[in-house]
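For reference, the structure is listed below as structure tokens.
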Amino acid sequence: MEKTDWTPSSWKSKHAAQAVNYPDEQHLASILAKINALPPLVTPSEIERLRFQLAAVQRNEASFDACTHVPKHICKTGFDLSFSLILIWGCRLPVVRVGRIAGQYAKPRSSGTERIGDKEVLSFRGDNVNGLDPNNRTPDPERLLSAYFHSTATLNHVRALLTSGFASLHHPRDWSLSHVRSPSLRSEFEKITEGLSDALEFSRTIGVDSGRESAAFERGGGRGVLGEVDFYTSHEGLMLDYEQAMTREFPLAGSYAGSQEKVYYNTSAHFLWVGDRTRQLDGAHVEYFRGIRNPIGIKVGATLGQRELTDLLQIVNPDKEPGRVTLITRYGASKIQDHLPGHIEAVKNSGHPVVWVCDPMHGNTLSSGTGLKTRNFGTIISELTSCITIHASCGSRLGGVSLEFTGELNDEGFSVTECLGGSMELSEEQLELRYQSFCDPRLNFEQSLDVAFLVSNYFKDERRGRSGENDIYAALGGRK
């Protein structure tokens, strides 16, 4: 396929899996026209910067941290910064931070309908499609416009935080630690922050950090290398009508002066991914994804064949450009050994450059005795650690991790209770205490830090030439 036969609407000639059927197509068209006339949410320069940084992850010069956790009204950016700080301390690599945030709030579903009591209703597809209330399940185009403005507000808040000293390493103890109830987790994190503080004080003493940069932002200090971080937005490119409305043609950002090259950027997010249910080679989603300039992710599960995977890579990245494709594996702890080695070998033989990222969440969902969707922390970290070791044994390297977590706390300062286990040893009987998710169960604050310390400790030991069982893995209930 040639790019010359692609347009933002060429996907309409293909079958679109997970399509939403709106009862009033004219109303939908009117809303999409309004969205198409609104300003971009992200810029081409930011998108190109992310592509460059993902190419660095491919070269093992950085690591990838994908966080899925933020509801549409709340931004817990400080929690992401805490998580990535722990990874940096152990890996000694820059972290590329990508959050499922300021996005479109839509979900694929295995069935178009569900039974609630004695009624069969349309499935809840996310806030930008329909409502959670069973009486509010008719898809409403107005929700797409609402999603745009919620995204705008959230992204504005994130940008303000990251450019006003909030991310500064000069005060990492301010980063969302006041509610950590586990003494061992608090102790581990304090070791990291104390080490950072000592290093920064040493830098200031010898004059590496002096002048305006050493002052607080509020007191006129410059941001400098220690004062701000890059934070990128992402979501699943599921609703193609919305994505098309946010796709704009621009000159290629960062190209040499006088260049006439123009490309299409999806300006709703820096990074989009195609899901396990929508990655058909001849489908509408792959057709759309092959034409946008953004870096993209592809969910890779147990049902994806090796040849299909390499064919998919050839469609979306025929020129084998670095930083273009991230493969997000999601097999399940019991299936990863059967599928990941073959996928790694197929990609290596194809010559396609990719970032490998582990999603240990989606393949490990189960139902509790009371019918709540949940995940077991031990199974999650089992898939994650298996992924790391399989990559090593295949001459590959895991580039990052994609997690669903939340820093949400109730008024009393307690975390959500949606996944079993972890250092807080959450039991099935405790799930209903603060179960808040409308869709998938998420790791809570403490469990997420558990993962960060586990990964950080693994790569710290690797740097120091240590081998053997990871003590944190065993302590957290990892499955052998």
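Within each chain, counting starts at residue 1; across the structure tokens, chains are named A, B, ... in the order shown, with ligands numbered 1 upward in that order.
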
Requested in this report: Write out as a list in words the residues lying within 12 Å of Asp230 (chain A), counting only C-alpha atoms and excluding same-chain residues fewer than 3 positions away.
Outcome: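 The residues that qualify are Glu46, Ile47, Arg49, Leu50, Gln53, Asp65, Thr77, Asp80, Leu81, Ser84, Pro94, Val95, Val96, Arg97, Val98, Gly99, Val158, Arg159, Leu161, Leu162, Thr163, Ala167, Val225, Leu226, Gly227, Thr233 and His270 of chain A.
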
Query raised in the report: Among region 273-351 of chain A, which ones does DSSP place in helix (DSSP H, G or I), written as a PyMOL selection string?
Result: chain A and resi 284-289+306-316+336-350

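Distance annotation: of A:Arg442, A:Arg137, A:His235, A:His391, the residue with the minimal separation from Thr365 (chain A) is A:Arg442; atom set is only C-alpha atoms.
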
Query - Residue nearest Ala29 (chain A) among A:Ser255, A:Ser386, A:Ser427, A:Gln244 (counting only C-alpha atoms) - result: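 So, comparing all the options, the nearest one is A:Gln244.
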
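Within 9 Å of Ile388 (chain A), once only C-alpha atoms are used and residues closer than 6 positions along the same chain are dropped, the contacting residues are Cys358, Arg397 and Leu398 of chain A.
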
Query raised in the report: From the set A:Arg434, A:Lys191, A:Lys12, A:His352, which residue has the shortest atom-to-atom contact distance to Glu418 (chain A), counting only C-alpha atoms?
Result: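 Nearest candidate to Glu418 (chain A) out of A:Arg434, A:Lys191, A:Lys12, A:His352: A:Arg434.
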